[in-house]
Structure formats: structure tokens, C-alpha cells
file target-v9.pdb (PDB, C-alpha atoms)
ATOM      1  CA  MET A   1     -40.136  26.932  16.418
ATOM      2  CA  SER A   2     -36.520  27.295  17.508
ATOM      3  CA  ARG A   3     -37.533  26.131  21.020
ATOM      4  CA  ILE A   4     -39.038  22.984  19.521
ATOM      5  CA  ARG A   5     -35.924  22.316  17.465
ATOM      6  CA  GLU A   6     -33.741  22.759  20.554
ATOM      7  CA  ALA A   7     -35.970  20.408  22.542
ATOM      8  CA  LEU A   8     -35.816  17.773  19.825
ATOM      9  CA  SER A   9     -32.031  18.038  19.671
ATOM     10  CA  ALA A  10     -31.860  17.576  23.429
ATOM     11  CA  THR A  11     -33.607  14.208  23.061
ATOM     12  CA  GLY A  12     -31.166  13.090  20.383
ATOM     13  CA  LEU A  13     -33.619  13.534  17.524
ATOM     14  CA  PRO A  14     -32.666  15.656  14.509
ATOM     15  CA  ALA A  15     -33.997  19.203  14.760
ATOM     16  CA  GLY A  16     -35.089  19.048  11.125
ATOM     17  CA  ASP A  17     -34.561  17.206   7.874
ATOM     18  CA  LEU A  18     -30.835  16.891   7.117
ATOM     19  CA  HIS A  19     -30.501  18.810   3.879
ATOM     20  CA  ASP A  20     -26.707  18.600   3.971
ATOM     21  CA  LEU A  21     -27.114  14.819   3.426
ATOM     22  CA  PRO A  22     -24.463  13.595   5.877
ATOM     23  CA  THR A  23     -22.688  10.341   5.049
ATOM     24  CA  SER A  24     -23.781   7.472   7.276
ATOM     25  CA  ALA A  25     -20.951   5.633   9.006
ATOM     26  CA  LYS A  26     -23.297   2.823  10.058
ATOM     27  CA  ARG A  27     -22.921  -0.613   8.463
ATOM     28  CA  PHE A  28     -24.289  -4.144   8.324
ATOM     29  CA  PRO A  29     -22.435  -6.642  10.558
ATOM     30  CA  ASP A  30     -20.265  -7.709   7.590
ATOM     31  CA  GLY A  31     -19.235  -4.097   6.972
ATOM     32  CA  ALA A  32     -21.451  -3.621   3.922
ATOM     33  CA  GLN A  33     -23.331  -0.411   3.234
ATOM     34  CA  TYR A  34     -26.196  -2.039   1.402
ATOM     35  CA  ARG A  35     -27.920  -5.277   0.480
ATOM     36  CA  ILE A  36     -30.337  -6.168  -2.306
ATOM     37  CA  GLU A  37     -33.971  -7.113  -1.657
ATOM     38  CA  ILE A  38     -36.416  -8.510  -4.200
ATOM     39  CA  PRO A  39     -39.997  -7.956  -2.948
ATOM     40  CA  SER A  40     -43.223  -9.770  -3.893
ATOM     41  CA  THR A  41     -41.528 -13.164  -4.098
ATOM     42  CA  GLU A  42     -44.763 -15.032  -3.501
ATOM     43  CA  GLY A  43     -43.777 -18.691  -3.245
ATOM     44  CA  PRO A  44     -41.200 -21.362  -4.102
ATOM     45  CA  ARG A  45     -41.629 -20.980  -7.867
ATOM     46  CA  CYS A  46     -41.020 -17.236  -7.583
ATOM     47  CA  LEU A  47     -37.990 -17.759  -5.364
ATOM     48  CA  GLU A  48     -36.576 -20.313  -7.797
ATOM     49  CA  ALA A  49     -37.026 -17.750 -10.584
ATOM     50  CA  VAL A  50     -35.312 -15.047  -8.520
ATOM     51  CA  LEU A  51     -32.341 -17.313  -7.799
ATOM     52  CA  GLU A  52     -32.061 -18.407 -11.435
ATOM     53  CA  GLU A  53     -32.126 -14.823 -12.716
ATOM     54  CA  ALA A  54     -29.740 -13.653 -10.006
ATOM     55  CA  ASP A  55     -27.254 -16.295 -11.124
ATOM     56  CA  ARG A  56     -27.769 -15.525 -14.816
ATOM     57  CA  LEU A  57     -27.441 -11.755 -14.375
ATOM     58  CA  ASP A  58     -24.789 -11.905 -11.644
ATOM     59  CA  VAL A  59     -26.877 -10.088  -9.038
ATOM     60  CA  ALA A  60     -26.204 -10.776  -5.361
ATOM     61  CA  VAL A  61     -29.665 -11.040  -3.772
ATOM     62  CA  HIS A  62     -29.586 -10.959   0.016
ATOM     63  CA  ARG A  63     -33.274 -10.919   0.908
ATOM     64  CA  VAL A  64     -36.608 -11.735  -0.687
ATOM     65  CA  SER A  65     -39.947 -10.712   0.786
ATOM     66  CA  GLN A  66     -43.524 -11.814   0.239
ATOM     67  CA  GLY A  67     -46.823  -9.972   0.579
ATOM     68  CA  SER A  68     -49.620 -12.540   0.444
ATOM     69  CA  GLY A  69     -49.148 -13.854   3.963
ATOM     70  CA  VAL A  70     -47.808 -16.941   5.712
ATOM     71  CA  PHE A  71     -51.334 -18.369   5.954
ATOM     72  CA  MET A  72     -51.593 -18.354   2.142
ATOM     73  CA  LEU A  73     -48.771 -20.919   1.885
ATOM     74  CA  THR A  74     -48.984 -24.670   2.497
ATOM     75  CA  ASP A  75     -46.667 -26.421   4.921
ATOM     76  CA  ALA A  76     -44.757 -27.877   1.976
ATOM     77  CA  GLU A  77     -44.384 -24.430   0.395
ATOM     78  CA  LEU A  78     -43.057 -22.976   3.647
ATOM     79  CA  ASP A  79     -40.539 -25.805   3.911
ATOM     80  CA  ALA A  80     -39.481 -25.250   0.318
ATOM     81  CA  LEU A  81     -38.993 -21.512   0.836
ATOM     82  CA  ALA A  82     -36.913 -22.082   3.973
ATOM     83  CA  HIS A  83     -34.802 -24.733   2.206
ATOM     84  CA  LEU A  84     -34.214 -22.649  -0.925
ATOM     85  CA  GLY A  85     -33.311 -19.587   1.123
ATOM     86  CA  ALA A  86     -30.915 -21.466   3.394
ATOM     87  CA  GLU A  87     -29.247 -23.218   0.469
ATOM     88  CA  ALA A  88     -28.728 -19.951  -1.411
ATOM     89  CA  GLY A  89     -27.829 -17.827   1.621
ATOM     90  CA  VAL A  90     -30.848 -15.566   1.073
ATOM     91  CA  GLU A  91     -33.072 -14.269   3.875
ATOM     92  CA  VAL A  92     -36.740 -15.089   3.299
ATOM     93  CA  SER A  93     -39.254 -12.696   4.877
ATOM     94  CA  LEU A  94     -42.989 -13.480   4.788
ATOM     95  CA  PHE A  95     -45.911 -11.199   5.612
ATOM     96  CA  ALA A  96     -47.710 -11.990   8.880
ATOM     97  CA  ARG A  97     -51.372 -11.451   8.013
ATOM     98  CA  PRO A  98     -54.331 -10.814   7.917
ATOM     99  CA  ASN A  99     -54.933  -7.070   8.271
ATOM    100  CA  ALA A 100     -58.041  -4.885   8.386
ATOM    101  CA  GLY A 101     -58.126  -4.476   4.612
ATOM    102  CA  TRP A 102     -58.552  -8.227   4.174
ATOM    103  CA  THR A 103     -61.561  -8.670   6.448
ATOM    104  CA  THR A 104     -65.146  -7.428   6.763
ATOM    105  CA  GLY A 105     -64.427  -4.171   8.598
ATOM    106  CA  ALA A 106     -66.074  -1.391   6.610
ATOM    107  CA  THR A 107     -63.723   1.502   7.423
ATOM    108  CA  ALA A 108     -60.782   0.120   5.446
ATOM    109  CA  TYR A 109     -62.934   0.077   2.295
ATOM    110  CA  THR A 110     -63.894   3.762   2.416
ATOM    111  CA  ALA A 111     -61.935   6.547   0.743
ATOM    112  CA  ALA A 112     -61.219   8.246   4.068
ATOM    113  CA  GLY A 113     -60.394   5.010   5.859
ATOM    114  CA  ALA A 114     -58.018   3.427   3.362
ATOM    115  CA  ALA A 115     -55.089   4.221   5.627
ATOM    116  CA  HIS A 116     -56.583   1.806   8.169
ATOM    117  CA  ALA A 117     -56.218  -1.188   5.821
ATOM    118  CA  PRO A 118     -52.783  -2.317   7.136
ATOM    119  CA  ALA A 119     -53.926  -2.146  10.776
ATOM    120  CA  VAL A 120     -54.582  -5.301  12.771
ATOM    121  CA  ARG A 121     -58.309  -5.158  13.575
ATOM    122  CA  GLY A 122     -59.178  -6.565  16.995
ATOM    123  CA  GLN A 123     -57.450  -9.026  19.297
ATOM    124  CA  ASP A 124     -58.600 -12.096  17.372
ATOM    125  CA  GLN A 125     -56.883 -10.764  14.271
ATOM    126  CA  LEU A 126     -53.783  -9.946  16.319
ATOM    127  CA  VAL A 127     -53.714 -13.585  17.440
ATOM    128  CA  ALA A 128     -53.953 -14.662  13.782
ATOM    129  CA  VAL A 129     -51.046 -12.404  12.803
ATOM    130  CA  LEU A 130     -48.874 -13.732  15.624
ATOM    131  CA  GLU A 131     -49.877 -17.286  14.717
ATOM    132  CA  ASP A 132     -48.586 -16.571  11.214
ATOM    133  CA  ALA A 133     -45.244 -15.534  12.733
ATOM    134  CA  VAL A 134     -45.036 -18.646  14.937
ATOM    135  CA  ARG A 135     -45.974 -20.954  12.055
ATOM    136  CA  ALA A 136     -43.308 -19.357   9.864
ATOM    137  CA  ALA A 137     -40.726 -19.947  12.591
ATOM    138  CA  GLU A 138     -41.756 -23.590  12.966
ATOM    139  CA  HIS A 139     -40.951 -24.096   9.277
ATOM    140  CA  GLY A 140     -37.514 -22.481   9.479
ATOM    141  CA  ILE A 141     -38.368 -18.932   8.419
ATOM    142  CA  ARG A 142     -36.684 -16.287  10.534
ATOM    143  CA  SER A 143     -38.230 -13.030   9.277
ATOM    144  CA  VAL A 144     -41.801 -11.746   8.990
ATOM    145  CA  LEU A 145     -43.309  -8.457   7.848
ATOM    146  CA  LEU A 146     -45.546  -6.559  10.259
ATOM    147  CA  ALA A 147     -47.729  -3.557   9.403
ATOM    148  CA  ASP A 148     -49.158  -2.599  12.797
ATOM    149  CA  VAL A 149     -47.510  -0.914  15.799
ATOM    150  CA  GLY A 150     -49.267  -3.161  18.307
ATOM    151  CA  ALA A 151     -48.269  -6.246  16.337
ATOM    152  CA  VAL A 152     -44.617  -5.154  16.470
ATOM    153  CA  HIS A 153     -44.906  -4.727  20.252
ATOM    154  CA  ALA A 154     -46.647  -8.081  20.760
ATOM    155  CA  PHE A 155     -44.164  -9.810  18.457
ATOM    156  CA  ALA A 156     -41.270  -8.481  20.539
ATOM    157  CA  MET A 157     -42.923  -9.731  23.744
ATOM    158  CA  LEU A 158     -43.361 -13.220  22.263
ATOM    159  CA  ARG A 159     -39.726 -13.171  21.159
ATOM    160  CA  ALA A 160     -38.598 -12.166  24.653
ATOM    161  CA  ALA A 161     -40.782 -14.894  26.183
ATOM    162  CA  GLY A 162     -39.267 -17.586  23.962
ATOM    163  CA  VAL A 163     -42.456 -18.229  21.992
ATOM    164  CA  LEU A 164     -40.589 -16.972  18.937
ATOM    165  CA  PRO A 165     -36.873 -17.590  18.311
ATOM    166  CA  VAL A 166     -34.625 -14.863  19.662
ATOM    167  CA  GLU A 167     -33.183 -14.303  16.166
ATOM    168  CA  MET A 168     -36.629 -13.886  14.580
ATOM    169  CA  GLN A 169     -36.742 -10.627  12.602
ATOM    170  CA  ALA A 170     -39.618  -8.123  12.725
ATOM    171  CA  LYS A 171     -39.435  -6.410   9.332
ATOM    172  CA  VAL A 172     -41.676  -3.344   9.426
ATOM    173  CA  SER A 173     -43.732  -3.233   6.230
ATOM    174  CA  VAL A 174     -43.921  -0.181   3.989
ATOM    175  CA  MET A 175     -47.650  -0.261   4.801
ATOM    176  CA  LEU A 176     -46.830   1.042   8.300
ATOM    177  CA  PRO A 177     -45.686   4.605   7.525
ATOM    178  CA  VAL A 178     -42.312   5.444   9.064
ATOM    179  CA  ALA A 179     -42.110   8.998   7.781
ATOM    180  CA  ASN A 180     -40.122  10.802  10.491
ATOM    181  CA  ALA A 181     -37.305  10.166  12.921
ATOM    182  CA  ALA A 182     -39.528  10.053  16.019
ATOM    183  CA  THR A 183     -41.697   7.280  14.576
ATOM    184  CA  ALA A 184     -38.589   5.369  13.544
ATOM    185  CA  ARG A 185     -37.184   5.581  17.059
ATOM    186  CA  VAL A 186     -40.457   4.384  18.618
ATOM    187  CA  LEU A 187     -40.507   1.314  16.372
ATOM    188  CA  GLU A 188     -36.852   0.611  17.144
ATOM    189  CA  GLN A 189     -37.651   0.759  20.857
ATOM    190  CA  LEU A 190     -40.652  -1.538  20.362
ATOM    191  CA  GLY A 191     -38.435  -4.237  18.893
ATOM    192  CA  ALA A 192     -38.478  -3.762  15.120
ATOM    193  CA  SER A 193     -35.542  -5.253  13.216
ATOM    194  CA  THR A 194     -35.681  -3.244   9.963
ATOM    195  CA  LEU A 195     -37.741  -0.244   8.837
ATOM    196  CA  ASN A 196     -39.284   0.071   5.371
ATOM    197  CA  LEU A 197     -39.651   3.803   4.709
ATOM    198  CA  PRO A 198     -42.314   5.335   2.429
ATOM    199  CA  PRO A 199     -40.895   5.494  -1.122
ATOM    200  CA  ASP A 200     -41.685   9.197  -1.552
ATOM    201  CA  LEU A 201     -39.384  10.464   1.222
ATOM    202  CA  SER A 202     -36.643  12.851   0.181
ATOM    203  CA  LEU A 203     -33.004  12.029   0.818
ATOM    204  CA  ALA A 204     -32.938  14.769   3.493
ATOM    205  CA  GLN A 205     -35.864  13.119   5.292
ATOM    206  CA  ILE A 206     -34.223   9.704   5.028
ATOM    207  CA  ALA A 207     -30.965  11.117   6.393
ATOM    208  CA  ALA A 208     -32.780  12.461   9.453
ATOM    209  CA  ILE A 209     -34.299   9.042  10.130
ATOM    210  CA  ARG A 210     -30.900   7.401   9.715
ATOM    211  CA  ALA A 211     -29.413   9.796  12.267
ATOM    212  CA  ALA A 212     -32.041   8.760  14.829
ATOM    213  CA  VAL A 213     -31.845   4.952  14.579
ATOM    214  CA  ASP A 214     -29.295   2.197  14.006
ATOM    215  CA  LEU A 215     -31.684  -0.306  12.411
ATOM    216  CA  PRO A 216     -31.256  -1.186   8.735
ATOM    217  CA  ILE A 217     -33.537   0.795   6.437
ATOM    218  CA  ASP A 218     -35.478  -0.846   3.596
ATOM    219  CA  PHE A 219     -36.207   1.429   0.640
ATOM    220  CA  TYR A 220     -37.940   0.986  -2.713
ATOM    221  CA  VAL A 221     -35.818   2.594  -5.432
ATOM    222  CA  GLU A 222     -38.565   1.431  -7.764
ATOM    223  CA  ALA A 223     -42.009   1.334  -6.184
ATOM    224  CA  PRO A 224     -45.068  -0.556  -7.390
ATOM    225  CA  ASP A 225     -47.917   1.592  -8.681
ATOM    226  CA  SER A 226     -49.893   0.998  -5.474
ATOM    227  CA  LEU A 227     -47.109   2.866  -3.642
ATOM    228  CA  GLY A 228     -46.728   5.667  -6.180
ATOM    229  CA  GLY A 229     -44.824   4.027  -9.019
ATOM    230  CA  PHE A 230     -41.637   6.018  -8.373
ATOM    231  CA  VAL A 231     -38.493   5.037 -10.305
ATOM    232  CA  ARG A 232     -35.530   6.436  -8.354
ATOM    233  CA  HIS A 233     -32.668   4.300  -9.669
ATOM    234  CA  HIS A 234     -30.434   7.324 -10.229
ATOM    235  CA  GLU A 235     -30.579   8.127  -6.514
ATOM    236  CA  ILE A 236     -29.124   4.741  -5.509
ATOM    237  CA  PRO A 237     -25.556   6.016  -4.869
ATOM    238  CA  ALA A 238     -26.765   8.933  -2.733
ATOM    239  CA  LEU A 239     -29.314   6.718  -0.954
ATOM    240  CA  ILE A 240     -26.623   4.237   0.033
ATOM    241  CA  ARG A 241     -24.348   7.021   1.220
ATOM    242  CA  VAL A 242     -26.901   8.661   3.530
ATOM    243  CA  ALA A 243     -29.008   5.637   4.575
ATOM    244  CA  ALA A 244     -26.466   2.854   5.169
ATOM    245  CA  PRO A 245     -27.063   0.172   6.218
ATOM    246  CA  VAL A 246     -29.879  -0.058   3.682
ATOM    247  CA  TYR A 247     -31.734  -2.778   1.804
ATOM    248  CA  VAL A 248     -32.133  -1.465  -1.738
ATOM    249  CA  LYS A 249     -35.527  -2.767  -2.895
ATOM    250  CA  PHE A 250     -36.487  -3.239  -6.510
ATOM    251  CA  GLY A 251     -40.233  -3.227  -6.933
ATOM    252  CA  LEU A 252     -41.867  -2.929 -10.310
ATOM    253  CA  LYS A 253     -43.775  -0.042 -11.846
ATOM    254  CA  ASN A 254     -46.527  -0.809 -14.379
ATOM    255  CA  ALA A 255     -47.222  -4.265 -12.957
ATOM    256  CA  PRO A 256     -50.443  -5.843 -11.652
ATOM    257  CA  ASP A 257     -51.172  -6.210  -7.939
ATOM    258  CA  ILE A 258     -50.810  -9.937  -7.233
ATOM    259  CA  TYR A 259     -51.842 -10.056  -3.554
ATOM    260  CA  PRO A 260     -52.921 -12.614  -2.549
ATOM    261  CA  SER A 261     -51.042 -14.727  -5.030
ATOM    262  CA  GLY A 262     -51.691 -18.352  -5.972
ATOM    263  CA  SER A 263     -51.488 -20.919  -8.750
ATOM    264  CA  HIS A 264     -54.120 -19.030 -10.767
ATOM    265  CA  ILE A 265     -51.623 -16.214 -11.446
ATOM    266  CA  GLU A 266     -48.359 -18.063 -10.796
ATOM    267  CA  ALA A 267     -47.003 -17.514 -14.316
ATOM    268  CA  THR A 268     -47.488 -13.759 -13.912
ATOM    269  CA  ALA A 269     -45.937 -13.743 -10.438
ATOM    270  CA  VAL A 270     -42.903 -15.667 -11.702
ATOM    271  CA  ALA A 271     -42.444 -13.331 -14.681
ATOM    272  CA  LEU A 272     -42.629 -10.297 -12.389
ATOM    273  CA  SER A 273     -40.045 -11.859 -10.068
ATOM    274  CA  ARG A 274     -37.637 -12.314 -12.947
ATOM    275  CA  GLU A 275     -38.074  -8.711 -14.068
ATOM    276  CA  ARG A 276     -37.440  -7.406 -10.544
ATOM    277  CA  VAL A 277     -34.043  -9.126 -10.608
ATOM    278  CA  ARG A 278     -33.367  -7.543 -13.998
ATOM    279  CA  ARG A 279     -34.259  -4.166 -12.454
ATOM    280  CA  ALA A 280     -31.718  -4.907  -9.719
ATOM    281  CA  ARG A 281     -29.118  -5.570 -12.406
ATOM    282  CA  LEU A 282     -29.904  -2.173 -13.932
ATOM    283  CA  GLY A 283     -29.441  -0.579 -10.540
ATOM    284  CA  MET A 284     -26.156  -2.333  -9.886
ATOM    285  CA  GLU A 285     -24.771  -1.336 -13.288
ATOM    286  CA  LEU A 286     -25.760   2.265 -12.578
ATOM    287  CA  LEU A 287     -24.026   2.028  -9.221
ATOM    288  CA  ALA A 288     -20.903   0.606 -10.831
ATOM    289  CA  ARG A 289     -20.791   3.619 -13.143
ATOM    290  CA  ALA A 290     -20.980   6.042 -10.225
ATOM    291  CA  GLU A 291     -17.775   7.731  -9.196
ATOM    292  CA  GLY A 292     -16.089   7.606  -5.819
ATOM    293  CA  GLU A 293     -16.544   4.909  -3.219
ATOM    294  CA  PHE A 294     -19.564   3.283  -4.870
ATOM    295  CA  SER A 295     -18.515   0.450  -7.138
ATOM    296  CA  ARG A 296     -19.195  -3.182  -7.798
ATOM    297  CA  SER A 297     -16.713  -4.123  -5.088
ATOM    298  CA  ASP A 298     -19.175  -2.828  -2.491
ATOM    299  CA  LEU A 299     -21.743  -5.327  -3.759
ATOM    300  CA  ARG A 300     -19.339  -8.205  -3.216
ATOM    301  CA  ALA A 301     -18.683  -6.925   0.293
ATOM    302  CA  ALA A 302     -22.374  -7.315   1.115
ATOM    303  CA  SER A 303     -22.153 -10.996   1.930
ATOM    304  CA  GLY A 304     -24.038 -13.139   4.398
ATOM    305  CA  LEU A 305     -27.374 -12.675   6.100
ATOM    306  CA  ALA A 306     -28.606 -10.351   8.820
ATOM    307  CA  VAL A 307     -29.563 -13.535  10.682
ATOM    308  CA  PRO A 308     -28.893 -17.202   9.963
ATOM    309  CA  VAL A 309     -31.643 -19.233   8.324
ATOM    310  CA  PRO A 310     -31.886 -22.466  10.333
ATOM    311  CA  SER A 311     -33.648 -25.699   9.535
ATOM    312  CA  ARG A 312     -37.117 -26.344  10.966
ATOM    313  CA  SER A 313     -37.190 -25.620  14.682
ATOM    314  CA  PRO A 314     -39.345 -23.300  16.780
TER     315      PRO A 314
END
call {"tool": "encode", "arguments": {"input": "target-v9.pdb", "output": "C-alpha cells"}}
result
Amino acid sequence: MSRIREALSATGLPAGDLHDLPTSAKRFPDGAQYRIEIPSTEGPRCLEAVLEEADRLDVAVHRVSQGSGVFMLTDAELDALAHLGAEAGVEVSLFARPNAGWTTGATAYTAAGAAHAPAVRGQDQLVAVLEDAVRAAEHGIRSVLLADVGAVHAFAMLRAAGVLPVEMQAKVSVMLPVANAATARVLEQLGASTLNLPPDLSLAQIAAIRAAVDLPIDFYVEAPDSLGGFVRHHEIPALIRVAAPVYVKFGLKNAPDIYPSGSHIEATAVALSRERVRRARLGMELLARAEGEFSRSDLRAASGLAVPVPSRSP
């Protein structure tokens, strides 16, 4: 085992999980250690609710993400999301779908094959996922979620070829498990922009991943029940210290799965969006109470976007 650890170290990968929890010196371009993300913001009404609650509760939201898919939004809804995000200075990230779990492939519906659900099934489905990314870009969105390794690779090729804007972000979904430093490095090399780690990783495991890559990490400090339902608010100060730059994500335990969303459950989706912002307020107050370098002033330092949000243009 020592030979393996030495070989890993020689490649620049950590030889094991970093149980000493080293402080990350890496930062966002504006010097911030962390930003706030509100997930499952499923449309313009949800984004309006997030922005209203963020203003009411004095929470600086830097990114919202959606899970239903670009293709589940009308052209007018895409335009509205892009406009609201640009006006508020909030990055809007939409899921590029479909995936295997949304089609007729049988494996994703079996107990043993559930892990295949996020995969892109076949080349026709890959084309559909990439079409979602291109359509989002045409409406002014500059970030999409991807849950498949091949989709990340193909996305990066389209970006390099000019089919997608050069500033278009590939946000790796939590549905694509990034559970060790080697996987994180592969996705960074493939062209990922941010990495959403599984919400059950220990701080030592997260620290090892941080040591291996420079990309921002996305992490649920409260995970929906479908991802384990973990409530890890009290680890926020330590998470920021070891994982910076990190998007601190506030999901919601004990809440219904709303994917794919729509007008039939819009009232529920809006109410959940408001509560996620309240959860973020709880997290920020906890952070403000923490001793040392973690205080409310750090939140104010986290200003601006990872990328600009332009008006409609491919």
C-alpha cells in the first residue's frame, strides 16, 4: 500500500484523505472563499421568490440551479430567467437533459441499475443534451448542469469549436459522483467548470479533492432526501476553510421531489424556493457566530459572478 501512496503522490494526487484538514488558499476571482447557491429553482416564479426572500432576509445569493431541464422551459421562460439573473447579478444554471432515468431504458429502473439513471443513454440522447445546452446559450444562459462524463467531454469540444460560448459553464451535477481526487482531476481535464461533490463525503475526503483540483466545489450543506437528507449546517465554517472556493448549497430535507416541475406544482416549488433561502439565512447566521476568520464580512466579499450573464446571443 505504501508503494501505491508513493505513486499517487508522484502524480500530484493526495496519497490519502487529508485528515489534518489543511486550509485551502484557493479563492474565487474576487478573492472570496465561498458563494451561496440555491438549488431547485425551477422557473421564473421560483427565481422571483428566491430574489424576494434574499432581499427580505439579507442573503447574498450568487447562483441558482434548476433540475427539470432546459427543454422543460418555454422560450419566454428562458428569456425571463436570463433577464432576472442578469438584473440581480445571479448566475442561473439549468440542467441539460434528458438522461437515462427519464427514458424507456429498463436498466435505470431496476434496483441494481439505479446508478445508471443520470447517464446519457445513446448518441441521440447525447445530441438532445447538447441541444439543451445550445438552446440555453441562445437565450442568454451561461451555465448548464451535466451528469455524464461523455457529455462533459462533448460539451467542452463544442465550446472549443465555438458552437457554445467560450464562457459557457459546465457545472457537474451531484448525480455524477465525484467521490475521490482522481475522478475530480479527470473531470477538470475534460473541461468541467465546477464540481458538485456527493453530500456524504467527509471533510477529510473533500480536502483531498480540493488539493487535487483548482475548480470551485459545489456542496450541499443540507441535502434533499433523495440524496440522503443530511443537514450539515454546523460544518459550514470548516467546509469553507478546507474546500474554498466553494459554493455552499442549501437544499431542503423533508421536501417532495419536484422534478420535472411545472405549473401543476408551481405553488409548492415556489414555497420550497423561499424556504431554501431561509435555510441559507440560518447558515449565514451560524457562520457569523463562528470565531476566527469566518464572519459576515466574508459574505460581502463574495461579490460578482463566476462568469458574466450576457443578453441573448449564441
call {"tool": "atom_distance", "arguments": {"input": "target-v9.pdb", "atom1": "CA of Leu81 in chain A", "atom2": "CA of Arg279 in chain A"}}
result
22.4 Å
call {"tool": "resolve_selection", "arguments": {"input": "target-v9.pdb", "expression": "the PyMOL selection byres ((chain A and resi 195) around 6)", "output": "list of chain:residue names"}}
result
A:Val172, A:Thr194, A:Asn196, A:Ile217, A:Asp218
call {"tool": "atom_distance", "arguments": {"input": "target-v9.pdb", "atom1": "CA of Ala244 in chain A", "atom2": "CA of Phe28 in chain A"}}
result
8.0 Å
call {"tool": "atom_distance", "arguments": {"input": "target-v9.pdb", "atom1": "CA of Gly251 in chain A", "atom2": "CA of Glu52 in chain A"}}
result
17.8 Å
call {"tool": "closest_residue", "arguments": {"input": "target-v9.pdb", "among": "A:Ala100, A:Ala136, A:Val64, A:Leu158", "to": "Asp124 in chain A", "atoms": "all atoms listed in the file"}}
result
A:Ala100
call {"tool": "closest_residue", "arguments": {"input": "target-v9.pdb", "among": "A:Ala119, A:Glu37, A:Thr23, A:Ala243", "to": "Val61 in chain A", "atoms": "all atoms listed in the file"}}
result
A:Glu37
call {"tool": "closest_residue", "arguments": {"input": "target-v9.pdb", "among": "A:Ser68, A:Ser273, A:Ser40, A:Ser193", "to": "His153 in chain A", "atoms": "all atoms listed in the file"}}
result
A:Ser193
call {"tool": "resolve_selection", "arguments": {"input": "target-v9.pdb", "expression": "the PyMOL selection byres ((chain A and resi 69) around 7)", "output": "list in words"}}
result
Gly67, Ser68, Val70, Phe71, Met72, Leu94, Phe95, Ala96 and Arg97 of chain A
call {"tool": "residues_around", "arguments": {"input": "target-v9.pdb", "residues": "Ala204 in chain A", "least_positions_apart": "2", "cutoff": "6 Å", "atoms": "all atoms listed in the file", "output": "PyMOL selection string"}}
result
chain A and resi 17-19+21+202+206-207
